[in-house]
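Here is work_27.cif, consisting of mmCIF, C-alpha atoms:
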data_data
loop_
_atom_site.label_atom_id
_atom_site.label_comp_id
_atom_site.auth_asym_id
_atom_site.auth_seq_id
_atom_site.Cartn_x
_atom_site.Cartn_y
_atom_site.Cartn_z
CA MET X 1 -54.74 116.62 61.21
CA LEU X 2 -51.16 116.52 59.96
CA ASP X 3 -48.25 116.90 62.33
CA ILE X 4 -44.72 117.85 61.37
CA GLN X 5 -43.39 114.27 61.50
CA GLN X 6 -46.01 113.09 59.03
CA PHE X 7 -45.57 116.15 56.83
CA VAL X 8 -41.81 115.64 56.60
CA ALA X 9 -42.29 111.91 55.99
CA ASN X 10 -44.69 112.69 53.12
CA SER X 11 -42.13 115.11 51.65
CA ILE X 12 -39.10 112.81 51.61
CA GLY X 13 -38.09 111.94 48.06
CA ASN X 14 -37.20 113.46 44.72
CA TRP X 15 -39.43 116.04 43.11
CA ARG X 16 -39.63 117.70 39.73
CA SER X 17 -40.70 121.29 40.31
CA GLN X 18 -42.24 123.92 38.04
CA ARG X 19 -42.06 127.32 39.68
CA SER X 20 -43.56 130.56 38.44
CA ALA X 21 -42.58 133.80 40.11
CA HIS X 22 -44.67 136.92 39.72
CA HIS X 23 -42.63 140.07 40.31
CA MET X 24 -45.57 142.18 41.19
CA ILE X 25 -44.45 145.73 40.66
CA PHE X 26 -43.34 145.09 37.09
CA SER X 27 -45.93 142.38 36.29
CA HIS X 28 -43.03 140.22 35.25
CA PHE X 29 -43.19 136.43 34.96
CA GLU X 30 -40.26 134.13 35.67
CA ALA X 31 -40.34 130.38 35.04
CA VAL X 32 -38.01 127.98 36.83
CA GLN X 33 -37.71 124.24 36.34
CA SER X 34 -35.83 122.31 38.96
CA GLU X 35 -35.16 119.02 40.65
CA ILE X 36 -35.54 118.96 44.42
CA ALA X 37 -34.31 116.21 46.71
CA ILE X 38 -35.60 116.03 50.28
CA ALA X 39 -33.75 113.59 52.51
CA SER X 40 -34.24 112.83 56.18
CA MET X 41 -31.37 113.40 58.60
CA SER X 42 -30.60 111.94 61.98
CA VAL X 43 -31.28 114.08 65.05
CA ASP X 44 -27.72 113.10 66.02
CA ASP X 45 -26.18 114.53 62.85
CA PRO X 46 -23.47 117.04 63.80
CA GLU X 47 -24.94 119.65 61.42
CA VAL X 48 -28.36 119.33 63.07
CA ILE X 49 -26.84 119.65 66.53
CA ALA X 50 -24.82 122.69 65.44
CA LEU X 51 -27.93 124.41 64.06
CA CYS X 52 -29.79 123.84 67.36
CA GLU X 53 -26.84 125.18 69.33
CA MET X 54 -26.53 128.23 67.10
CA ASN X 55 -30.16 129.02 67.92
CA SER X 56 -29.74 128.20 71.65
CA ILE X 57 -32.33 125.45 71.36
CA ASP X 58 -32.10 122.15 73.25
CA ARG X 59 -31.20 119.55 70.62
CA LYS X 60 -33.58 117.06 72.28
CA LEU X 61 -36.51 119.15 71.00
CA ALA X 62 -35.56 118.60 67.33
CA VAL X 63 -37.92 116.37 65.33
CA SER X 64 -37.58 114.99 61.78
CA PRO X 65 -34.70 117.15 60.52
CA PHE X 66 -34.15 117.06 56.78
CA ARG X 67 -31.95 118.35 53.98
CA MET X 68 -33.27 120.00 50.82
CA THR X 69 -31.08 120.12 47.73
CA TRP X 70 -32.14 121.76 44.49
CA ALA X 71 -30.79 122.38 41.01
CA GLY X 72 -32.68 124.28 38.38
CA GLN X 73 -32.81 126.71 35.55
CA SER X 74 -34.63 130.00 35.16
CA ASP X 75 -35.85 131.50 31.92
CA TRP X 76 -34.33 134.78 33.10
CA ASP X 77 -30.81 133.51 32.69
CA GLU X 78 -30.57 130.15 31.04
CA ASN X 79 -26.82 130.02 31.50
CA GLU X 80 -26.89 130.38 35.22
CA ALA X 81 -27.63 127.25 37.20
CA LEU X 82 -29.67 127.75 40.34
CA LYS X 83 -28.50 125.32 42.92
CA GLY X 84 -28.21 125.03 46.63
CA THR X 85 -28.76 122.97 49.71
CA CYS X 86 -30.02 123.68 53.18
CA ILE X 87 -30.77 121.92 56.43
CA LEU X 88 -34.14 122.34 58.11
CA VAL X 89 -34.85 121.40 61.71
CA PRO X 90 -38.44 121.47 63.07
CA ILE X 91 -38.89 122.28 66.75
CA PRO X 92 -42.53 121.47 67.58
CA ASP X 93 -44.27 123.51 70.25
CA LEU X 94 -44.61 121.39 73.36
CA GLU X 95 -48.16 122.54 74.03
CA HIS X 96 -49.61 122.85 70.51
CA LEU X 97 -48.76 119.91 68.29
CA ASN X 98 -49.86 121.69 65.10
CA ARG X 99 -47.29 124.50 65.41
CA GLY X 100 -43.65 125.20 66.16
CA LYS X 101 -40.44 126.69 64.88
CA LEU X 102 -38.41 125.73 61.83
CA LEU X 103 -34.68 126.37 61.91
CA ARG X 104 -32.78 126.74 58.62
CA ASP X 105 -29.10 127.13 58.06
CA GLN X 106 -29.91 129.33 55.04
CA GLY X 107 -32.92 131.54 54.52
CA TYR X 108 -35.16 131.90 51.48
CA ALA X 109 -35.50 135.68 51.14
CA GLU X 110 -32.02 136.41 52.42
CA GLU X 111 -29.21 133.91 52.46
CA ILE X 112 -28.63 133.91 56.17
CA PRO X 113 -29.69 131.45 58.85
CA ALA X 114 -33.37 131.91 59.65
CA VAL X 115 -35.97 130.82 62.16
CA GLY X 116 -39.58 130.63 60.99
CA ASP X 117 -42.87 129.93 62.76
CA TYR X 118 -44.97 127.15 61.26
CA HIS X 119 -48.47 125.87 61.82
CA PHE X 120 -50.92 123.56 60.09
CA THR X 121 -54.38 124.75 59.09
CA ASP X 122 -57.49 122.57 59.49
CA ASP X 123 -57.13 121.45 55.86
CA ASP X 124 -53.54 120.25 56.39
CA THR X 125 -51.77 123.18 54.78
CA PHE X 126 -48.31 123.83 56.23
CA VAL X 127 -47.87 127.59 56.74
CA LEU X 128 -44.42 129.04 57.46
CA ILE X 129 -43.81 132.68 58.33
CA THR X 130 -40.25 133.97 58.51
CA ALA X 131 -39.22 137.51 59.40
CA TYR X 132 -35.94 138.74 57.96
CA ASP X 133 -34.17 142.05 58.44
CA ARG X 134 -35.50 143.63 55.28
CA ALA X 135 -38.34 141.29 54.24
CA ALA X 136 -40.85 138.74 55.46
CA ALA X 137 -41.63 135.43 53.78
CA GLU X 138 -44.87 133.46 53.94
CA GLU X 139 -45.01 129.97 52.51
CA LYS X 140 -47.96 127.61 52.17
CA ILE X 141 -47.37 124.00 51.20
CA TRP X 142 -50.00 121.32 50.76
CA PHE X 143 -50.33 117.90 49.21
CA VAL X 144 -52.92 117.43 46.48
CA ASN X 145 -52.21 113.71 46.57
CA PRO X 146 -49.20 111.72 47.85
CA ASN X 147 -47.25 112.52 44.67
CA VAL X 148 -48.19 116.16 44.02
CA ARG X 149 -47.31 119.11 46.27
CA CYS X 150 -48.20 122.77 45.81
CA ARG X 151 -46.24 125.60 47.34
CA VAL X 152 -47.05 129.32 47.35
CA SER X 153 -44.29 131.65 48.57
CA LEU X 154 -44.79 135.34 49.17
CA ILE X 155 -41.98 137.80 49.77
CA LYS X 156 -43.34 140.84 51.55
CA THR X 157 -41.87 144.09 52.73
CA SER X 158 -40.68 143.78 56.29
CA ALA X 159 -43.71 145.75 57.46
CA GLY X 160 -45.60 142.75 56.09
CA SER X 161 -48.31 144.39 54.02
CA GLY X 162 -46.82 144.92 50.56
CA VAL X 163 -46.17 141.88 48.38
CA VAL X 164 -42.96 142.07 46.34
CA THR X 165 -42.94 138.61 44.78
CA ALA X 166 -45.54 135.85 44.71
CA SER X 167 -44.40 132.49 43.47
CA PHE X 168 -46.06 129.16 42.92
CA SER X 169 -44.48 125.74 42.62
CA SER X 170 -46.12 122.54 41.54
CA GLU X 171 -44.01 119.56 42.48
CA ILE X 172 -44.37 116.03 41.16
CA ARG X 173 -42.70 113.09 42.87
CA GLN X 174 -40.09 111.36 40.76
CA LEU X 175 -40.05 107.63 41.20
CA VAL X 176 -36.52 106.31 41.35
CA LYS X 177 -35.91 103.75 38.65
CA GLU X 178 -34.62 100.35 39.54
CA ALA X 179 -31.03 99.69 38.56
CA THR X 180 -32.27 96.84 36.36
CA ASP X 181 -34.29 99.18 34.10
CA MET Q 1 -63.74 133.72 60.43
CA LEU Q 2 -64.81 134.93 56.99
CA ASP Q 3 -68.30 134.29 55.68
CA ILE Q 4 -69.36 134.42 52.05
CA GLN Q 5 -70.90 137.90 52.30
CA GLN Q 6 -67.66 139.37 53.61
CA PHE Q 7 -65.56 137.41 51.13
CA VAL Q 8 -67.60 138.68 48.18
CA ALA Q 9 -67.57 142.22 49.58
CA ASN Q 10 -63.76 142.07 49.83
CA SER Q 11 -63.57 140.86 46.22
CA ILE Q 12 -65.69 143.55 44.58
CA GLY Q 13 -63.60 145.80 42.37
CA ASN Q 14 -61.16 145.76 39.50
CA TRP Q 15 -58.09 143.56 39.59
CA ARG Q 16 -54.95 143.18 37.53
CA SER Q 17 -54.11 139.49 37.40
CA GLN Q 18 -50.93 137.59 36.61
CA ARG Q 19 -51.70 133.94 36.06
CA SER Q 20 -49.23 131.12 35.53
CA ALA Q 21 -50.50 127.76 34.40
CA HIS Q 22 -48.42 124.62 34.78
CA HIS Q 23 -49.45 121.94 32.32
CA MET Q 24 -48.08 119.13 34.35
CA ILE Q 25 -47.64 116.26 31.95
CA PHE Q 26 -45.52 118.32 29.54
CA SER Q 27 -43.92 120.60 32.19
CA HIS Q 28 -45.14 123.51 30.13
CA PHE Q 29 -45.54 127.04 31.46
CA GLU Q 30 -48.22 129.46 30.27
CA ALA Q 31 -48.38 133.12 31.35
CA VAL Q 32 -51.59 135.11 31.20
CA GLN Q 33 -52.10 138.78 32.04
CA SER Q 34 -55.64 139.96 32.49
CA GLU Q 35 -57.99 142.49 33.94
CA ILE Q 36 -60.79 141.13 36.09
CA ALA Q 37 -63.87 143.07 37.19
CA ILE Q 38 -66.00 141.73 40.02
CA ALA Q 39 -69.33 143.54 40.47
CA SER Q 40 -72.12 142.83 42.92
CA MET Q 41 -75.58 142.01 41.60
CA SER Q 42 -79.00 142.28 43.14
CA VAL Q 43 -80.66 139.11 44.41
CA ASP Q 44 -83.65 140.33 42.39
CA ASP Q 45 -81.72 140.45 39.12
CA PRO Q 46 -83.56 138.31 36.52
CA GLU Q 47 -80.31 136.50 35.61
CA VAL Q 48 -79.74 135.56 39.27
CA ILE Q 49 -83.30 134.32 39.61
CA ALA Q 50 -83.00 132.31 36.39
CA LEU Q 51 -79.79 130.64 37.61
CA CYS Q 52 -81.49 129.64 40.88
CA GLU Q 53 -84.49 128.27 39.03
CA MET Q 54 -82.31 126.33 36.60
CA ASN Q 55 -80.74 124.63 39.64
CA SER Q 56 -84.11 124.13 41.40
CA ILE Q 57 -82.94 126.27 44.32
CA ASP Q 58 -85.21 128.65 46.22
CA ARG Q 59 -84.11 132.16 45.14
CA LYS Q 60 -84.57 133.38 48.73
CA LEU Q 61 -81.46 131.37 49.70
CA ALA Q 62 -79.18 133.36 47.35
CA VAL Q 63 -76.67 135.66 49.05
CA SER Q 64 -74.28 138.24 47.54
CA PRO Q 65 -74.51 137.26 43.86
CA PHE Q 66 -71.84 138.78 41.64
CA ARG Q 67 -70.61 138.99 38.07
CA MET Q 68 -67.02 138.35 37.01
CA THR Q 69 -65.76 139.74 33.72
CA TRP Q 70 -62.25 139.18 32.42
CA ALA Q 71 -60.13 140.11 29.44
CA GLY Q 72 -56.58 138.94 29.01
CA GLN Q 73 -53.79 137.70 26.88
CA SER Q 74 -51.81 134.47 26.99
CA ASP Q 75 -48.23 134.03 25.84
CA TRP Q 76 -49.41 130.87 24.06
CA ASP Q 77 -51.32 132.85 21.48
CA GLU Q 78 -50.80 136.56 21.68
CA ASN Q 79 -53.32 137.23 18.96
CA GLU Q 80 -56.19 135.54 20.71
CA ALA Q 81 -57.93 137.60 23.36
CA LEU Q 82 -59.16 135.64 26.34
CA LYS Q 83 -62.37 137.19 27.51
CA GLY Q 84 -65.56 136.19 29.16
CA THR Q 85 -68.10 136.88 31.83
CA CYS Q 86 -70.02 134.76 34.26
CA ILE Q 87 -72.55 135.09 37.05
CA LEU Q 88 -71.91 133.46 40.42
CA VAL Q 89 -74.56 132.93 43.07
CA PRO Q 90 -73.59 131.69 46.57
CA ILE Q 91 -76.13 129.57 48.43
CA PRO Q 92 -74.87 129.31 52.04
CA ASP Q 93 -75.61 126.18 54.00
CA LEU Q 94 -78.33 126.96 56.54
CA GLU Q 95 -76.61 125.00 59.29
CA HIS Q 96 -72.91 125.68 58.64
CA LEU Q 97 -72.18 129.31 57.93
CA ASN Q 98 -68.68 128.61 56.62
CA ARG Q 99 -69.84 126.42 53.72
CA GLY Q 100 -72.38 126.21 50.93
CA LYS Q 101 -72.89 125.89 47.21
CA LEU Q 102 -71.80 128.23 44.44
CA LEU Q 103 -73.86 128.34 41.26
CA ARG Q 104 -72.24 129.52 38.03
CA ASP Q 105 -73.81 130.04 34.66
CA GLN Q 106 -70.52 128.95 33.07
CA GLY Q 107 -67.96 126.54 34.44
CA TYR Q 108 -64.21 126.84 34.65
CA ALA Q 109 -62.99 123.44 33.44
CA GLU Q 110 -65.86 123.00 31.01
CA GLU Q 111 -67.97 125.81 29.64
CA ILE Q 112 -71.27 124.59 30.97
CA PRO Q 113 -73.28 125.69 34.00
CA ALA Q 114 -71.73 124.30 37.16
CA VAL Q 115 -72.47 123.92 40.86
CA GLY Q 116 -69.52 123.83 43.25
CA ASP Q 117 -69.19 123.22 46.97
CA TYR Q 118 -67.33 125.89 48.92
CA HIS Q 119 -66.03 126.20 52.45
CA PHE Q 120 -63.69 128.47 54.38
CA THR Q 121 -60.70 127.07 56.24
CA ASP Q 122 -59.67 128.33 59.68
CA ASP Q 123 -57.19 130.71 58.04
CA ASP Q 124 -59.88 132.31 55.84
CA THR Q 125 -59.03 130.55 52.61
CA PHE Q 126 -62.03 130.08 50.32
CA VAL Q 127 -61.99 126.55 48.89
CA LEU Q 128 -64.25 125.61 45.97
CA ILE Q 129 -64.59 122.10 44.62
CA THR Q 130 -66.52 121.52 41.41
CA ALA Q 131 -67.14 118.17 39.75
CA TYR Q 132 -67.61 118.18 36.00
CA ASP Q 133 -68.39 115.32 33.64
CA ARG Q 134 -64.79 114.73 32.63
CA ALA Q 135 -62.81 116.69 35.21
CA ALA Q 136 -62.84 118.13 38.72
CA ALA Q 137 -61.68 121.61 39.70
CA GLU Q 138 -60.34 122.73 43.05
CA GLU Q 139 -59.76 126.41 43.71
CA LYS Q 140 -58.28 128.13 46.74
CA ILE Q 141 -58.54 131.90 47.07
CA TRP Q 142 -57.18 134.01 49.90
CA PHE Q 143 -56.39 137.63 50.62
CA VAL Q 144 -52.83 138.54 51.55
CA ASN Q 145 -54.03 142.05 52.32
CA PRO Q 146 -57.15 143.98 51.23
CA ASN Q 147 -55.56 144.74 47.85
CA VAL Q 148 -53.81 141.46 47.00
CA ARG Q 149 -55.55 138.14 46.35
CA CYS Q 150 -53.97 134.78 45.55
CA ARG Q 151 -55.78 132.01 43.73
CA VAL Q 152 -54.62 128.45 43.07
CA SER Q 153 -56.71 126.41 40.63
CA LEU Q 154 -56.20 122.72 40.01
CA ILE Q 155 -57.82 120.78 37.20
CA LYS Q 156 -57.88 117.11 38.06
CA THR Q 157 -59.05 114.00 36.30
CA SER Q 158 -62.64 113.25 37.17
CA ALA Q 159 -61.48 110.46 39.48
CA GLY Q 160 -59.88 113.31 41.40
CA SER Q 161 -56.36 112.04 41.98
CA GLY Q 162 -54.37 113.06 38.91
CA VAL Q 163 -53.55 116.74 38.43
CA VAL Q 164 -53.70 117.89 34.80
CA THR Q 165 -53.13 121.63 35.26
CA ALA Q 166 -52.11 123.69 38.27
CA SER Q 167 -52.41 127.42 37.95
CA PHE Q 168 -51.66 130.36 40.19
CA SER Q 169 -52.97 133.89 39.99
CA SER Q 170 -51.77 136.89 41.90
CA GLU Q 171 -54.31 139.68 41.72
CA ILE Q 172 -53.72 143.33 42.60
CA ARG Q 173 -56.60 145.70 43.14
CA GLN Q 174 -56.74 148.53 40.63
CA LEU Q 175 -57.85 151.79 42.12
CA VAL Q 176 -60.28 153.57 39.83
CA LYS Q 177 -59.00 156.99 38.86
CA GLU Q 178 -61.13 160.03 39.42
CA ALA Q 179 -62.60 161.57 36.29
CA THR Q 180 -60.62 164.72 37.08
CA ASP Q 181 -57.26 162.98 36.72
#

Can the structure from this file be put into structure tokens for me?
Amino acid sequence: MLDIQQFVANSIGNWRSQRSAHHMIFSHFEAVQSEIAIASMSVDDPEVIALCEMNSIDRKLAVSPFRMTWAGQSDWDENEALKGTCILVPIPDLEHLNRGKLLRDQGYAEEIPAVGDYHFTDDDTFVLITAYDRAAAEEKIWFVNPNVRCRVSLIKTSAGSGVVTASFSSEIRQLVKEATD
Amino acid sequence: MLDIQQFVANSIGNWRSQRSAHHMIFSHFEAVQSEIAIASMSVDDPEVIALCEMNSIDRKLAVSPFRMTWAGQSDWDENEALKGTCILVPIPDLEHLNRGKLLRDQGYAEEIPAVGDYHFTDDDTFVLITAYDRAAAEEKIWFVNPNVRCRVSLIKTSAGSGVVTASFSSEIRQLVKEATD
């Protein structure tokens, strides 16, 4: 069974992502191509410590913090670049190794700091549930092989039953070329 | 924990589907809109019995057989209608209620009869793995709520490691209107 350290370790690297969003009420499709970089951070990094403090969580509980950076393009507006970066800090549950909290300095459904609850299923899918003021997000991420990740993200109404947007990303690891190429 | 009877019962009905296919080598997106009808069949239906016999499986082991019928349109070729129908017959494992075989009279990756292995994960995701001559298919289907289903389908090389196509469907139940409407 995966734990968060191994999951983060498997995710470190550069990924080429194809994302399709289904806007469910209007049956609209959106296609996004992007590059995603996932880099490990030190538990002593001042930004990691600040995020723990902001959430009143003992910084010694932080495990495998990482930074995600993305840049992409949507077919909805080809002139607008989608880009951003955020810091994510896992706080494993002390009693249940397959679950915990994930702190972010920027949320997915709303661009505010967010705290989600994660767990791993028995087939090694990472499930993250985040409640926001006006919405709830549910993400599932799993590895098909070491170089292919799938991610399904649902944005729901805050009551949690209606699905507003369902999106799917397939992510392929990009091997960094040697400087001598 | 879901079993196959309950899963099929939850799936019976008419669904509006948005499907996005990612053709991974070329980073190509395909969007398909379709209507899917899932109808239960009798275990005594001659087509169900014939499918069991073709697979040398005792027809008394068949549980909750059903027919899927679909009609849709792809943005790759708007003039070509995608339509089809197939019969599916679950054969639960006698010892493990959360797994079994699924017989189909028509496969997904290749249009030939197919036998897949299914199981349910601890978060009620239905997982189906089907080996074909030249490919392997892995499908995950789960309910977000009683009226929304998600489905991720991967077509892999027959060796099973390379992913050729990853597709995602979000399916919304269509309520049948009364004749008096």

### Task
Would you translate the PyMOL selection byres ((chain X) within 7 of (chain Q)) into the concrete set of residues it matches in this file, as a ChimeraX atom specification?
/X:18,20,27,121-123,145,161,166,168,170

### Task
Using the chain letters and numbering of this document, enumerate as a PyMOL selection string the residues selected by the PyMOL selection byres ((chain Q and resi 12) around 8).
chain Q and resi 8-11+13-14+37-40

Grab all the atoms of range 148-159 of chain X that the file lists, wrap them in a box along x, y and z, add 3 Å per side, and give me centre plus edge lengths in Å (one decimal) as JSON.
{"center_x": -44.4, "center_y": 131.0, "center_z": 50.7, "size_x": 13.5, "size_y": 35.6, "size_z": 19.4}

### Task
Using only C-alpha atoms, find all polymer residues with an atom at most 12 Å away from the point (-85.8, 126.8, 56.4); report them as number ranges by chain.
Q: 58, 60-61, 93-95

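The shell of residues at most 12 Å from Ser56 in chain X, with all atoms listed in the file counted and near chain neighbours (fewer than 6 positions) removed, consists of X:Ile49, X:Ala50, X:Ile91, X:Leu103, X:Val115.
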
### Query
the PyMOL selection byres ((chain Q and resi 76-90) around 9) on the file shown: which residues, as number ranges by chain?
Q: 4-5, 30-32, 34, 41, 43, 47-48, 51-52, 61-75, 91-92, 100-107, 118

### Query
In Å, how far is it from CA of Arg149 in chain Q to CA of Phe26 in chain Q?
27.9 Å

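Computed from the coordinates, the CA of Ile129 in chain X to CA of Trp142 in chain X distance equals 15.0 Å.
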
### Task
Record the distance separating CA of Gly116 in chain Q and CA of Glu35 in chain Q, expressed in Å with one decimal.
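A separation of 23.8 Å between them.
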
### Task
May I have the residues within 6 Å of His119 in chain X as a ChimeraX atom specification, using only C-alpha atoms and disregarding those fewer than 4 positions away in the same chain?
/X:98-99,126-127

### Pick from X:Ala135, X:Arg59, X:His96, X:Gln174 nearest to Ile155 in chain X, counting only C-alpha atoms
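Ranked by minimum distance to Ile155 in chain X, first place goes to X:Ala135.
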
Atoms are missing here; could range 50-65 of chain X be completed with N, CA and C atoms and written as a compact mmCIF listing (two decimals), in the coordinates of the input?
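Below is the file out11.txt, written as the result:
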# COMPACT_ATOMS: atom_id res chain seq x y z
N ALA X 50 -25.42 121.35 65.52
CA ALA X 50 -24.82 122.69 65.44
C ALA X 50 -25.88 123.76 65.19
N LEU X 51 -26.89 123.43 64.36
CA LEU X 51 -27.93 124.41 64.06
C LEU X 51 -28.78 124.69 65.31
N CYS X 52 -29.07 123.64 66.09
CA CYS X 52 -29.79 123.84 67.36
C CYS X 52 -28.97 124.73 68.29
N GLU X 53 -27.68 124.41 68.40
CA GLU X 53 -26.84 125.18 69.33
C GLU X 53 -26.73 126.64 68.91
N MET X 54 -26.64 126.86 67.59
CA MET X 54 -26.53 128.23 67.10
C MET X 54 -27.76 129.04 67.47
N ASN X 55 -28.91 128.34 67.58
CA ASN X 55 -30.16 129.02 67.92
C ASN X 55 -30.50 128.90 69.41
N SER X 56 -29.54 128.37 70.20
CA SER X 56 -29.74 128.20 71.65
C SER X 56 -30.99 127.38 71.96
N ILE X 57 -31.17 126.32 71.15
CA ILE X 57 -32.33 125.45 71.36
C ILE X 57 -31.83 124.06 71.74
N ASP X 58 -32.46 123.49 72.77
CA ASP X 58 -32.10 122.15 73.25
C ASP X 58 -32.26 121.15 72.11
N ARG X 59 -31.18 120.47 71.76
CA ARG X 59 -31.20 119.55 70.62
C ARG X 59 -32.20 118.41 70.80
N LYS X 60 -32.60 118.14 72.05
CA LYS X 60 -33.58 117.06 72.28
C LYS X 60 -34.97 117.43 71.78
N LEU X 61 -35.20 118.72 71.49
CA LEU X 61 -36.51 119.15 71.00
C LEU X 61 -36.64 118.99 69.47
N ALA X 62 -35.53 118.70 68.79
CA ALA X 62 -35.56 118.60 67.33
C ALA X 62 -36.29 117.33 66.88
N VAL X 63 -37.10 117.48 65.85
CA VAL X 63 -37.92 116.37 65.33
C VAL X 63 -37.80 116.35 63.81
N SER X 64 -37.54 115.18 63.25
CA SER X 64 -37.58 114.99 61.78
C SER X 64 -36.75 116.01 60.99
N PRO X 65 -35.50 116.23 61.33
CA PRO X 65 -34.70 117.15 60.52
C PRO X 65 -34.50 116.59 59.11
